[in-house]
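data.txt, holding compact mmCIF, C-alpha atoms:
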# COMPACT_ATOMS: atom_id res chain seq x y z
CA MET A 47 -93.90 96.14 -306.87
CA TYR A 48 -92.63 99.57 -305.92
CA LYS A 49 -92.97 102.74 -307.90
CA SER A 50 -90.28 105.37 -307.74
CA LEU A 51 -91.21 109.01 -307.44
CA LEU A 52 -88.40 109.85 -309.81
CA ALA A 53 -89.51 112.29 -312.47
CA THR A 54 -89.37 110.91 -315.99
CA SER A 55 -88.81 114.36 -317.41
CA LEU A 56 -87.17 117.33 -315.73
CA PHE A 57 -86.32 120.83 -316.83
CA ILE A 58 -82.71 121.45 -315.89
CA SER A 59 -81.92 125.08 -315.13
CA SER A 60 -78.94 127.08 -313.99
CA LEU A 61 -80.41 126.98 -310.49
CA ALA A 62 -79.77 123.25 -310.25
CA GLN A 63 -76.60 122.91 -308.22
CA ALA A 64 -77.18 119.97 -305.94
CA ASP A 65 -77.01 116.22 -305.90
CA LEU A 66 -80.70 115.27 -305.87
CA LEU A 67 -81.37 116.87 -309.22
CA ASP A 68 -78.23 115.27 -310.61
CA ALA A 69 -79.40 111.90 -309.31
CA LEU A 70 -82.81 112.37 -310.89
CA LYS A 71 -81.16 113.36 -314.18
CA TYR A 72 -78.86 110.34 -314.18
CA TYR A 73 -81.77 108.05 -313.36
CA ASP A 74 -83.83 109.49 -316.19
CA GLN A 75 -80.89 108.87 -318.52
CA LYS A 76 -80.64 105.29 -317.16
CA ASP A 77 -77.13 105.99 -315.89
CA TYR A 78 -77.93 104.01 -312.77
CA ALA A 79 -74.37 103.80 -311.44
CA LYS A 80 -74.09 107.58 -311.18
CA ALA A 81 -77.67 107.88 -309.90
CA GLN A 82 -76.94 105.40 -307.13
CA THR A 83 -73.76 107.26 -306.17
CA GLU A 84 -75.60 110.58 -305.98
CA PHE A 85 -78.47 109.16 -303.93
CA ALA A 86 -76.01 107.50 -301.56
CA SER A 87 -74.19 110.83 -301.06
CA LEU A 88 -77.42 112.28 -299.64
CA LEU A 89 -77.93 109.63 -296.97
CA PRO A 90 -75.69 111.40 -294.40
CA LEU A 91 -78.11 114.34 -294.67
CA GLY A 92 -81.03 112.19 -293.56
CA ASN A 93 -82.60 112.37 -297.02
CA GLU A 94 -85.62 110.06 -297.01
CA THR A 95 -86.23 110.49 -300.75
CA ALA A 96 -82.74 109.22 -301.57
CA ALA A 97 -83.23 106.23 -299.27
CA PHE A 98 -86.57 105.38 -300.89
CA ASN A 99 -85.15 105.62 -304.40
CA LEU A 100 -82.22 103.40 -303.47
CA ALA A 101 -84.79 100.87 -302.25
CA VAL A 102 -86.50 101.04 -305.63
CA MET A 103 -83.24 100.57 -307.51
CA HIS A 104 -82.31 97.50 -305.49
CA GLN A 105 -85.81 96.07 -305.90
CA GLU A 106 -85.77 96.63 -309.67
CA GLY A 107 -82.13 95.67 -310.20
CA GLN A 108 -81.28 99.07 -311.65
CA GLY A 109 -77.50 99.44 -311.71
CA THR A 110 -77.20 96.50 -309.35
CA THR A 111 -78.47 92.97 -308.90
CA VAL A 112 -81.95 92.52 -307.47
CA ASP A 113 -81.52 92.48 -303.70
CA LEU A 114 -84.69 92.43 -301.62
CA VAL A 115 -82.70 92.37 -298.38
CA LYS A 116 -81.15 95.74 -299.23
CA THR A 117 -84.51 96.94 -300.54
CA GLN A 118 -85.97 96.20 -297.11
CA ALA A 119 -83.11 97.94 -295.33
CA TYR A 120 -83.46 101.09 -297.43
CA LEU A 121 -87.25 101.12 -296.97
CA GLN A 122 -86.78 100.90 -293.21
CA LEU A 123 -84.27 103.74 -293.38
CA ALA A 124 -86.61 105.88 -295.51
CA TYR A 125 -89.45 105.33 -293.04
CA SER A 126 -87.21 106.12 -290.06
CA LEU A 127 -86.31 109.40 -291.76
CA GLY A 128 -89.94 110.40 -292.22
CA ASP A 129 -91.07 108.83 -295.51
CA LYS A 130 -94.53 107.57 -294.55
CA ARG A 131 -95.19 105.63 -297.76
CA SER A 132 -92.25 103.35 -296.92
CA GLU A 133 -93.88 101.95 -293.77
CA ARG A 134 -96.54 100.00 -295.65
CA LEU A 135 -94.08 98.82 -298.29
CA ALA A 136 -91.53 97.75 -295.69
CA LYS A 137 -94.12 95.78 -293.72
CA ALA A 138 -95.38 94.05 -296.87
CA LEU A 139 -91.91 93.05 -298.03
CA TYR A 140 -90.76 91.99 -294.56
CA THR A 141 -93.39 89.25 -294.39
CA LYS A 142 -92.13 87.80 -297.69
CA LEU A 143 -88.52 87.48 -296.52
CA THR A 144 -87.19 84.38 -294.82
CA PRO A 145 -86.20 84.68 -291.14
CA ALA A 146 -82.54 84.72 -292.21
CA GLU A 147 -83.21 87.49 -294.73
CA GLN A 148 -85.15 89.47 -292.15
CA GLN A 149 -82.17 89.29 -289.82
CA GLN A 150 -79.82 90.39 -292.62
CA ALA A 151 -82.13 93.30 -293.50
CA ASN A 152 -82.24 94.48 -289.90
CA ALA A 153 -78.45 94.30 -289.67
CA SER A 154 -78.08 96.22 -292.93
CA PHE A 155 -80.56 98.83 -291.69
CA GLU A 156 -78.52 99.32 -288.52
CA GLN A 157 -75.42 99.93 -290.63
CA LEU A 158 -77.26 102.45 -292.80
CA VAL A 159 -78.45 104.34 -289.72
CA LYS A 160 -74.83 104.90 -288.74
CA VAL A 161 -74.25 106.73 -292.02
CA VAL A 162 -76.89 109.35 -291.20
CA GLN A 163 -75.37 112.47 -289.65
CA ILE A 164 -78.40 114.77 -289.68
CA ASN A 165 -80.92 113.16 -287.36
CA ASN A 166 -82.65 116.22 -286.01
CA PRO A 167 -82.67 118.86 -288.77
CA ALA A 168 -84.27 121.55 -286.64
CA MET A 169 -84.84 124.96 -288.19
CA ASP A 170 -85.46 126.90 -285.00
CA GLU A 171 -82.90 129.55 -284.27
CA GLN A 172 -80.85 129.21 -281.12
CA PRO A 173 -81.65 131.78 -278.42
CA ALA A 174 -80.22 135.08 -279.56
CA ALA A 175 -76.99 136.01 -277.83
CA LYS A 176 -76.91 139.36 -276.08
CA VAL A 177 -75.28 142.11 -278.09
CA PRO A 178 -74.41 145.69 -277.12
CA GLU A 179 -76.93 148.47 -277.55
CA PRO A 180 -76.65 150.14 -280.97
CA ILE A 181 -75.41 153.72 -281.06
CA SER A 182 -75.96 154.41 -284.74
CA ARG A 183 -77.43 152.33 -287.54
CA LYS A 184 -77.15 153.62 -291.07
CA GLU A 185 -80.09 152.90 -293.36
CA PRO A 186 -79.00 150.91 -296.43
CA MET A 187 -79.11 152.53 -299.85
CA TYR A 188 -81.68 150.86 -302.09
CA PRO A 189 -79.73 149.59 -305.13
CA ILE A 190 -80.56 151.64 -308.23
CA ASN A 191 -80.80 148.56 -310.42
CA ALA A 192 -83.25 146.99 -307.97
CA VAL A 193 -85.38 150.13 -308.02
CA ARG A 194 -85.45 150.21 -311.81
CA ARG A 195 -86.44 146.57 -312.00
CA GLY A 196 -88.98 146.84 -309.19
CA LEU A 197 -87.14 144.25 -307.11
CA PHE A 198 -87.78 143.75 -303.40
CA GLY A 199 -86.43 141.30 -300.87
CA PHE A 200 -84.18 140.94 -297.85
CA ALA A 201 -80.66 140.15 -296.72
CA ASP A 202 -79.74 138.27 -293.55
CA ALA A 203 -76.27 139.02 -292.25
CA ARG A 204 -73.95 138.20 -289.39
CA PHE A 205 -70.88 140.12 -288.31
CA LEU A 206 -68.35 140.62 -285.57
CA ILE A 207 -68.69 143.52 -283.13
CA ASP A 208 -65.31 144.42 -281.65
CA GLU A 209 -64.49 145.80 -278.21
CA LYS A 210 -65.04 149.37 -279.40
CA GLY A 211 -68.43 148.61 -280.90
CA LYS A 212 -67.22 148.64 -284.49
CA VAL A 213 -68.64 146.15 -287.00
CA GLN A 214 -66.15 143.84 -288.68
CA GLY A 215 -66.39 140.99 -291.19
CA VAL A 216 -69.96 141.35 -292.49
CA GLU A 217 -71.22 138.21 -294.20
CA ILE A 218 -74.55 137.61 -295.94
CA VAL A 219 -76.17 134.41 -294.70
CA ASN A 220 -79.28 134.43 -296.85
CA GLY A 221 -81.07 136.78 -299.19
CA TYR A 222 -83.71 137.18 -301.86
CA PRO A 223 -83.21 137.72 -304.74
CA LYS A 224 -79.78 136.13 -304.34
CA GLY A 225 -77.03 138.75 -304.37
CA THR A 226 -79.31 141.70 -305.11
CA PHE A 227 -78.99 143.46 -301.75
CA ASP A 228 -75.66 142.05 -300.54
CA THR A 229 -73.49 145.09 -301.28
CA ALA A 230 -76.02 147.59 -299.92
CA THR A 231 -76.34 145.55 -296.73
CA LYS A 232 -72.59 145.18 -296.23
CA ASN A 233 -72.00 148.90 -296.81
CA ALA A 234 -74.70 149.87 -294.33
CA LEU A 235 -73.67 147.43 -291.62
CA SER A 236 -70.00 148.36 -291.91
CA ALA A 237 -70.94 151.86 -290.74
CA TRP A 238 -73.03 150.68 -287.77
CA LYS A 239 -71.72 151.31 -284.27
CA TYR A 240 -72.58 149.68 -280.97
CA GLN A 241 -71.94 150.57 -277.36
CA PRO A 242 -68.31 149.65 -276.52
CA THR A 243 -68.15 146.80 -274.00
CA GLY A 244 -64.50 145.79 -274.08
CA GLN A 245 -65.59 142.42 -275.44
CA LYS A 246 -66.33 140.93 -278.83
CA HIS A 247 -69.77 139.76 -279.93
CA ILE A 248 -71.42 138.12 -282.93
CA GLY A 249 -74.29 140.16 -284.31
CA ARG A 250 -77.12 139.04 -286.56
CA VAL A 251 -79.61 141.15 -288.45
CA SER A 252 -82.17 140.89 -291.22
CA LEU A 253 -82.72 143.92 -293.46
CA SER A 254 -85.85 144.14 -295.61
CA TYR A 255 -85.96 146.01 -298.89
CA THR A 256 -89.41 146.96 -300.14
CA LEU A 257 -90.71 149.60 -302.51
CA GLY A 258 -94.14 149.69 -300.91
CA ASN A 259 -96.86 147.33 -299.73
CA VAL A 260 -97.85 146.52 -303.29
CA VAL A 261 -94.83 144.30 -303.83
CA LEU A 262 -95.80 142.12 -300.88
CA SER A 263 -99.35 141.63 -302.13
CA LYS A 264 -100.71 138.17 -302.84
CA LYS A 265 -101.13 139.07 -306.51
CA HIS A 266 -97.51 140.13 -306.87
CA ILE A 267 -96.05 137.13 -305.01
CA ASP A 268 -98.25 134.64 -306.87
CA LYS A 269 -97.11 136.18 -310.15
CA LEU A 270 -93.45 135.78 -309.20
CA ILE A 271 -93.95 132.16 -308.21
CA LYS A 272 -95.72 131.34 -311.46
CA GLU A 273 -93.29 133.25 -313.69
CA HIS A 274 -90.34 131.31 -312.29
CA LYS A 275 -92.34 128.07 -311.88
CA LEU A 276 -90.95 127.81 -308.37
CA PHE A 277 -93.45 125.27 -307.08
CA ASP A 278 -93.26 123.19 -310.26
CA PHE A 279 -89.50 122.80 -310.13
CA ALA A 280 -89.33 122.58 -306.32
CA LEU A 281 -91.81 119.72 -306.28
CA ALA A 282 -89.92 118.08 -309.16
CA GLY A 283 -86.82 117.94 -306.97
CA SER A 284 -84.72 120.96 -307.95
CA PRO A 285 -82.77 122.03 -304.84
CA GLY A 286 -82.01 125.40 -306.41
CA HIS A 287 -85.69 126.18 -306.87
CA GLN A 288 -86.46 124.83 -303.41
CA TYR A 289 -83.94 127.27 -301.97
CA MET A 290 -85.30 130.16 -304.04
CA LEU A 291 -88.89 129.32 -303.06
CA GLY A 292 -87.91 129.03 -299.40
CA SER A 293 -86.18 132.41 -299.53
CA LEU A 294 -89.19 134.09 -301.12
CA LEU A 295 -91.57 132.49 -298.61
CA ARG A 296 -89.28 133.63 -295.82
CA LEU A 297 -89.98 137.22 -296.86
CA VAL A 298 -93.72 136.49 -296.92
CA ASN A 299 -93.74 134.49 -293.67
CA ASN A 300 -91.76 137.13 -291.80
CA ASN A 301 -94.21 139.84 -292.81
CA VAL A 302 -97.29 137.97 -291.59
CA PHE A 303 -98.77 139.19 -288.32
CA ALA A 304 -99.61 135.68 -287.27
CA LYS A 305 -98.09 132.51 -285.85
CA LEU A 306 -97.62 130.00 -288.67
CA GLU A 307 -97.80 126.29 -287.99
CA GLU A 308 -97.24 123.51 -290.49
CA ASP A 309 -100.12 121.09 -290.89
CA PRO A 310 -99.64 118.27 -293.44
CA ALA A 311 -103.42 117.82 -293.56
CA GLN A 312 -103.85 121.27 -295.11
CA PRO A 313 -103.96 121.24 -298.93
CA LEU A 314 -101.71 122.88 -301.49
CA ALA A 315 -103.70 124.98 -303.97
CA ALA A 316 -103.99 123.35 -307.39
CA ASP A 317 -102.67 126.52 -309.03
CA PHE A 318 -99.90 126.88 -306.40
CA SER A 319 -101.24 130.28 -305.28
CA LEU A 320 -100.53 131.33 -301.71
CA PRO A 321 -103.31 131.35 -299.08
CA ALA A 322 -105.05 134.70 -298.73
CA GLU A 323 -104.59 134.46 -294.94
CA LEU A 324 -100.88 135.12 -295.40
CA PHE A 325 -101.70 138.64 -296.56
CA SER A 326 -104.85 139.51 -294.63
CA GLN A 327 -103.74 139.43 -290.99
CA SER A 328 -103.66 142.80 -289.27
CA TYR A 329 -101.18 143.71 -286.58
CA LEU A 330 -102.57 143.37 -283.05
CA GLU A 331 -101.12 145.86 -280.63
CA PRO A 332 -99.80 144.28 -277.41
CA LYS A 333 -102.43 144.26 -274.69
CA TYR A 334 -102.11 144.87 -270.96
CA LEU A 335 -102.97 141.68 -269.10
CA ALA A 336 -101.97 141.84 -265.46
CA GLY A 337 -101.04 138.53 -263.89
CA PHE A 338 -100.39 136.68 -267.13
CA LYS A 339 -97.17 134.66 -267.40
CA GLY A 340 -95.55 132.53 -270.04
CA ASN A 341 -97.49 131.37 -273.07
CA ALA A 342 -100.99 130.22 -273.89
CA ARG A 343 -103.32 129.30 -276.72
CA VAL A 344 -107.03 130.04 -276.86
CA THR A 345 -109.98 129.90 -279.24
CA THR A 346 -112.38 132.76 -279.86
CA ASP A 347 -115.82 133.22 -281.38
CA GLU A 348 -116.99 135.67 -284.08
CA GLN A 349 -116.96 138.52 -281.54
CA GLY A 350 -113.42 137.72 -280.51
CA LYS A 351 -114.46 136.43 -277.09
CA VAL A 352 -112.45 133.60 -275.58
CA THR A 353 -114.39 130.33 -275.74
CA ALA A 354 -111.72 127.86 -274.60
CA VAL A 355 -108.17 127.61 -273.29
CA LEU A 356 -106.22 125.00 -275.23
CA GLU A 357 -102.80 125.39 -273.65
CA SER A 358 -101.28 127.39 -270.82
CA ASN A 359 -97.83 127.42 -269.22
CA PRO A 360 -96.85 128.10 -266.45
CA LEU A 361 -100.38 129.22 -265.52
CA SER A 362 -102.89 126.38 -265.33
CA LYS A 363 -105.82 126.23 -267.71
CA THR A 364 -108.13 126.85 -264.76
CA GLN A 365 -106.25 130.04 -263.83
CA LEU A 366 -106.32 131.33 -267.38
CA GLU A 367 -109.97 130.44 -267.86
CA ALA A 368 -110.82 132.53 -264.81
CA MET A 369 -108.86 135.38 -266.35
CA LEU A 370 -110.08 135.24 -269.97
CA LEU A 371 -113.08 132.99 -270.53
CA GLY A 372 -115.93 134.99 -272.04
CA GLN A 373 -113.77 138.11 -272.31
CA LYS A 374 -112.92 139.96 -275.52
CA LEU A 375 -109.38 138.84 -276.32
CA HIS A 376 -108.52 141.90 -278.42
CA ALA A 377 -110.41 144.68 -280.14
CA LYS A 378 -109.40 143.25 -283.55
CA ALA A 379 -109.75 139.57 -282.67
CA LYS A 380 -112.13 137.43 -284.72
CA ALA A 381 -113.09 133.78 -284.70
CA GLY A 382 -110.12 131.44 -284.61
CA GLN A 383 -107.17 130.31 -282.58
CA TYR A 384 -104.70 132.74 -280.98
CA ALA A 385 -101.28 132.43 -279.37
CA ILE A 386 -100.57 134.65 -276.35
CA SER A 387 -97.06 135.39 -275.06
CA ALA A 388 -95.98 137.52 -272.13
CA ILE A 389 -93.60 140.37 -272.98
CA ILE A 390 -90.62 140.26 -270.65
CA ASN A 391 -90.54 142.93 -267.95
CA GLU A 392 -93.96 144.25 -268.96
CA ASN A 393 -97.58 143.59 -268.02
CA ARG A 394 -98.41 143.34 -271.69
CA VAL A 395 -98.83 140.33 -273.93
CA SER A 396 -98.40 139.78 -277.66
CA ILE A 397 -101.40 138.22 -279.39
CA ASN A 398 -101.11 136.48 -282.75
CA LYS A 399 -103.61 134.60 -284.88
CA VAL A 400 -102.58 130.99 -285.41
CA LEU A 401 -102.61 129.90 -289.05
CA HIS A 402 -102.41 126.21 -289.87
CA LEU A 403 -100.96 125.88 -293.35
CA SER A 404 -99.54 123.20 -295.61
CA PRO A 405 -95.77 122.77 -295.09
CA TYR A 406 -95.43 123.71 -298.77
CA TYR A 407 -96.20 127.32 -297.78
CA SER A 408 -93.48 127.32 -295.13
CA SER A 409 -90.09 128.88 -295.71
CA ASN A 410 -88.53 126.50 -293.20
CA TYR A 411 -89.84 123.46 -295.05
CA TRP A 412 -88.29 124.39 -298.38
CA LEU A 413 -84.98 125.67 -296.99
CA LEU A 414 -84.55 122.46 -295.01
CA THR A 415 -85.57 120.36 -298.00
CA ALA A 416 -83.03 122.17 -300.18
CA ALA A 417 -80.32 121.51 -297.58
CA LYS A 418 -81.19 117.81 -297.32
CA ASN A 419 -81.10 117.63 -301.11
CA GLY A 420 -77.56 118.97 -301.15
CA HIS A 421 -77.92 122.72 -301.80
CA LEU A 422 -74.78 124.39 -300.48
CA ASP A 423 -76.23 127.77 -299.48
CA ALA A 424 -79.12 126.06 -297.70
CA GLN A 425 -76.70 123.80 -295.85
CA ARG A 426 -74.68 126.80 -294.72
CA LEU A 427 -77.88 128.39 -293.49
CA MET A 428 -78.69 125.23 -291.52
CA ALA A 429 -75.19 125.23 -290.05
CA ALA A 430 -75.91 128.62 -288.47
CA ARG A 431 -78.95 127.07 -286.73
CA SER A 432 -78.01 123.50 -285.88
CA ASP A 433 -74.99 121.82 -284.30
CA GLU A 434 -75.55 118.72 -286.45
CA TRP A 435 -75.45 120.72 -289.65
CA GLU A 436 -72.43 122.70 -288.46
CA ASN A 437 -70.52 119.49 -287.69
CA TYR A 438 -71.46 118.07 -291.08
CA MET A 439 -70.29 121.19 -292.92
CA LEU A 440 -67.03 121.25 -290.94
CA GLN A 441 -66.41 117.71 -292.15
CA GLN A 442 -66.97 119.02 -295.67
CA ASN A 443 -64.21 121.59 -295.02
CA ASP A 444 -66.56 124.49 -295.76
CA ALA A 445 -64.67 127.77 -295.28
CA GLN A 446 -67.72 129.86 -294.39
CA VAL A 447 -68.82 127.51 -291.63
CA GLN A 448 -65.24 127.10 -290.43
CA THR A 449 -64.97 130.86 -290.04
CA TRP A 450 -67.97 131.38 -287.78
CA ALA A 451 -67.50 128.15 -285.87
CA GLY A 452 -63.96 129.37 -285.22
CA VAL A 453 -65.18 132.75 -284.01
CA ASN A 454 -67.67 131.09 -281.67
CA LYS A 455 -65.00 128.90 -280.15
CA ILE A 456 -62.63 131.83 -279.65
CA LEU A 457 -65.34 133.88 -277.94
CA GLN A 458 -66.07 130.87 -275.72
CA GLY A 459 -62.42 130.65 -274.69
CA GLU A 460 -61.41 127.77 -276.94
CA GLN A 461 -58.63 129.74 -278.57
CA GLU A 462 -56.60 126.92 -280.07
CA GLN A 463 -59.52 125.17 -281.78
CA GLY A 464 -60.99 128.45 -282.95
CA GLN A 465 -57.75 129.68 -284.47
CA LEU A 466 -57.27 126.34 -286.22
CA LEU A 467 -60.66 126.65 -287.90
CA LEU A 468 -59.94 130.22 -288.99
CA GLU A 469 -56.60 129.13 -290.44
CA LYS A 470 -58.33 126.39 -292.43
CA ALA A 471 -60.75 128.95 -293.87
CA ILE A 472 -57.93 131.37 -294.68
CA ALA A 473 -56.04 128.57 -296.42
CA GLN A 474 -59.00 128.41 -298.78
CA GLN A 475 -58.60 132.16 -299.40
CA TYR A 476 -61.86 133.04 -297.69
CA GLU A 477 -61.61 136.83 -297.29
CA VAL A 478 -64.08 137.16 -294.42
CA ALA A 479 -61.94 134.79 -292.36
CA GLU A 480 -58.87 136.94 -292.98
CA GLU A 481 -60.72 140.11 -291.98
CA ILE A 482 -62.13 138.54 -288.83
CA LYS A 483 -58.81 137.06 -287.77
CA ALA A 484 -57.24 140.51 -288.05
CA ALA A 485 -60.04 141.91 -285.89
CA LEU A 486 -59.63 139.18 -283.29
Would you mind writing the structure in this file as structure tokens?
Amino acid sequence: MYKSLLATSLFISSLAQADLLDALKYYDQKDYAKAQTEFASLLPLGNETAAFNLAVMHQEGQGTTVDLVKTQAYLQLAYSLGDKRSERLAKALYTKLTPAEQQQANASFEQLVKVVQINNPAMDEQPAAKVPEPISRKEPMYPINAVRRGLFGFADARFLIDEKGKVQGVEIVNGYPKGTFDTATKNALSAWKYQPTGQKHIGRVSLSYTLGNVVLSKKHIDKLIKEHKLFDFALAGSPGHQYMLGSLLRLVNNNVFAKLEEDPAQPLAADFSLPAELFSQSYLEPKYLAGFKGNARVTTDEQGKVTAVLESNPLSKTQLEAMLLGQKLHAKAKAGQYAISAIINENRVSINKVLHLSPYYSSNYWLLTAAKNGHLDAQRLMAARSDEWENYMLQQNDAQVQTWAGVNKILQGEQEQGQLLLEKAIAQQYEVAEEIKAAL
């Protein structure tokens, strides 16, 4: 009655380091006991695919007796976690259950919901904390090996700024290609200095490494994706490839002069090539617009003149229409939809083309998917952006997350709890924790 989306054949690579791929492998080998265990381990992460596949296994009696009550419960869980296909299947099965079975299924579903720890896996960064003004920032040295191999990418880092403005405990949060620019980034940041404030702060920065615009061209990126079969393996369920694809798309997404919005209705190219729009948007210089406040969204015609106001806050649509309707939005504006945002303490606004793309072209989508599928680095990245993920990783006794959660608590005045977390990380011989504790 139900068809699993489990792949019948997968290419296992060294990038595979998470539970979903293991579960798919065990299922393919008909080792249903291990597959069921691996799928179940992903339920706390709010993994809808794991819930759906557990429904299939209970419906088919794979590694367990046929149990339509549990099938119903898992289908309801999968749907509640965002798996749209499960809604129709759950409704169809529900009508075939007896009233007593329906009640049992609902009770089982309620128990399963309690297992889920990641209910709101948001990717949006928390508002950036204020940090001191930089005094000197050393440019990183481009690694010789990366130059020879024509590699480009980025490294995201966080670090502690002490009372004297010195950088301590640099840690790489994310990067592409993995590990390539870590040392160069750490060496550069360790020499940075900030204005002394007498207080400690947590700093965050993203450093890009490029050898020229050619490496960020559509042709070059498409070639990389195809050479490594990133989309193929990511769609097949490999968390490692999902993380790698998300990291590469992060570099692309962050270099687009546009506001990207996920739209499930938008298609994924049959050859997995990236949309040309991701590489064709030109930078629009901020424009002076007296009286504008907050944010807005407008549409423009071929001449770039505003034809409609879609959203406006705190100004009303009527106020903004009086200000912009029929006016040229920007000298470089063309037909489309644009997002307008006021620049704080200025009479200028930033203007960005809005691009509606398939989620498959979104860095956030793949990094979150990798985390929900059990990829450790992706989960650590989520922990830096979400309280739910941080709490989950603390329960997993992750030293990296313990370190920065401990620093946050100490800076917020919760000395005892913060020190306890740092001690737990140090007990696992996490060097960054030792360095930061010494600095604190």
Item to complete: Enter the distance from atom CA of Ala234 of chain A to atom CA of Pro186 of chain A, in Å, rounded to one decimal.
Response: 4.9 Å
Kindly provide, as a PDB file with C-alpha atoms, in the coordinates of the input, the polymer residues lying within 12 Å of (-92.2, 141.3, -301.3), counting all atoms listed in the file and using the coordinates exactly as they appear in the file.
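Full text of out_27.pdb as output:
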ATOM      1  CA  GLY A 196     -88.980 146.840-309.190  1.00  0.00           C
ATOM      2  CA  LEU A 197     -87.140 144.250-307.110  1.00  0.00           C
ATOM      3  CA  PHE A 198     -87.780 143.750-303.400  1.00  0.00           C
ATOM      4  CA  GLY A 199     -86.430 141.300-300.870  1.00  0.00           C
ATOM      5  CA  PHE A 200     -84.180 140.940-297.850  1.00  0.00           C
ATOM      6  CA  TYR A 222     -83.710 137.180-301.860  1.00  0.00           C
ATOM      7  CA  PRO A 223     -83.210 137.720-304.740  1.00  0.00           C
ATOM      8  CA  SER A 254     -85.850 144.140-295.610  1.00  0.00           C
ATOM      9  CA  TYR A 255     -85.960 146.010-298.890  1.00  0.00           C
ATOM     10  CA  THR A 256     -89.410 146.960-300.140  1.00  0.00           C
ATOM     11  CA  LEU A 257     -90.710 149.600-302.510  1.00  0.00           C
ATOM     12  CA  GLY A 258     -94.140 149.690-300.910  1.00  0.00           C
ATOM     13  CA  ASN A 259     -96.860 147.330-299.730  1.00  0.00           C
ATOM     14  CA  VAL A 260     -97.850 146.520-303.290  1.00  0.00           C
ATOM     15  CA  VAL A 261     -94.830 144.300-303.830  1.00  0.00           C
ATOM     16  CA  LEU A 262     -95.800 142.120-300.880  1.00  0.00           C
ATOM     17  CA  SER A 263     -99.350 141.630-302.130  1.00  0.00           C
ATOM     18  CA  LYS A 264    -100.710 138.170-302.840  1.00  0.00           C
ATOM     19  CA  LYS A 265    -101.130 139.070-306.510  1.00  0.00           C
ATOM     20  CA  HIS A 266     -97.510 140.130-306.870  1.00  0.00           C
ATOM     21  CA  ILE A 267     -96.050 137.130-305.010  1.00  0.00           C
ATOM     22  CA  ASP A 268     -98.250 134.640-306.870  1.00  0.00           C
ATOM     23  CA  LYS A 269     -97.110 136.180-310.150  1.00  0.00           C
ATOM     24  CA  LEU A 270     -93.450 135.780-309.200  1.00  0.00           C
ATOM     25  CA  ILE A 271     -93.950 132.160-308.210  1.00  0.00           C
ATOM     26  CA  SER A 293     -86.180 132.410-299.530  1.00  0.00           C
ATOM     27  CA  LEU A 294     -89.190 134.090-301.120  1.00  0.00           C
ATOM     28  CA  LEU A 295     -91.570 132.490-298.610  1.00  0.00           C
ATOM     29  CA  ARG A 296     -89.280 133.630-295.820  1.00  0.00           C
ATOM     30  CA  LEU A 297     -89.980 137.220-296.860  1.00  0.00           C
ATOM     31  CA  VAL A 298     -93.720 136.490-296.920  1.00  0.00           C
ATOM     32  CA  ASN A 299     -93.740 134.490-293.670  1.00  0.00           C
ATOM     33  CA  ASN A 300     -91.760 137.130-291.800  1.00  0.00           C
ATOM     34  CA  ASN A 301     -94.210 139.840-292.810  1.00  0.00           C
ATOM     35  CA  VAL A 302     -97.290 137.970-291.590  1.00  0.00           C
ATOM     36  CA  PHE A 325    -101.700 138.640-296.560  1.00  0.00           C
TER      37      PHE A 325
END
Worksheet item: Around (-100.0, 142.7, -275.0) in the file's frame, which residues reach within 12 Å when counting all atoms listed in the file? Return as JSON, numbers by chain?
Response: {"A": [329, 330, 331, 332, 333, 334, 335, 336, 337, 338, 339, 341, 375, 376, 377, 385, 386, 387, 388, 389, 390, 391, 392, 393, 394, 395, 396, 397, 398]}
Discussion item. Considering all atoms listed in the file, can you say which of A:Ala445, A:Leu486, A:Ala416, A:His274 comes closest to Gln245 of chain A?
Written reply: A:Leu486
Worksheet item: Using only C-alpha atoms, which residues sit within 9 Å of Val251 of chain A once same-chain residues fewer than 6 positions away are excluded, as a PyMOL selection string?
Response: chain A and resi 201-205
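Nearest to Thr243 of chain A of all the residues A:Val177, A:Tyr289, A:Arg195, A:Thr415 is A:Val177, counting all atoms listed in the file.
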Take every atom of segment 144-162 of chain A listed in the file, fit an axis-aligned box around them, add 6 Å per side, and give the centre and edge lengths in Å to one decimal as AutoDock Vina command-line options.
--center_x -80.7 --center_y 96.9 --center_z -291.7 --size_x 24.9 --size_y 37.0 --size_z 18.3
Worksheet, complete the sentence: Taken to one decimal, the atom CA of Tyr240 of chain A-atom CA of Glu217 of chain A distance is 17.6 Å
Fill in: Long-range neighbours of Leu158 of chain A as a count of residues only, 12 Å cut-off, only C-alpha atoms, 2 positions minimum in chain
28
Discussion item. For a test of reading the model, state the distance in Å between atom CA of Ala280 of chain A and atom CA of Phe85 of chain A, rounded to one decimal.
Written reply: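 Going from atom CA of Ala280 of chain A over to atom CA of Phe85 of chain A covers 17.4 Å.
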Worksheet item: Which polymer residues have any atom within 9 Å of an atom of Gly420 of chain A, counting all atoms listed in the file, with same-chain residues fewer than 4 positions away left out, as an MDAnalysis selection string?
Response: chainID A and resid 63:66 87:88 91 285 415:416 424:425
Discussion item. Nearest residue to Thr226 of chain A out of A:Val112, A:Val193, A:Asp433, A:Leu440, using only C-alpha atoms?
Written reply: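 Among A:Val112, A:Val193, A:Asp433, A:Leu440, it is A:Val193 that comes nearest to Thr226 of chain A.
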Practice prompt. Considering all atoms listed in the file, state which residue in the set A:Thr364, A:Thr353, A:Ser408, A:Ser132 is at the smallest distance from Gly382 of chain A.
Written response: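 Between A:Thr364, A:Thr353, A:Ser408, A:Ser132, the residue approaching Gly382 of chain A most closely is A:Thr353.
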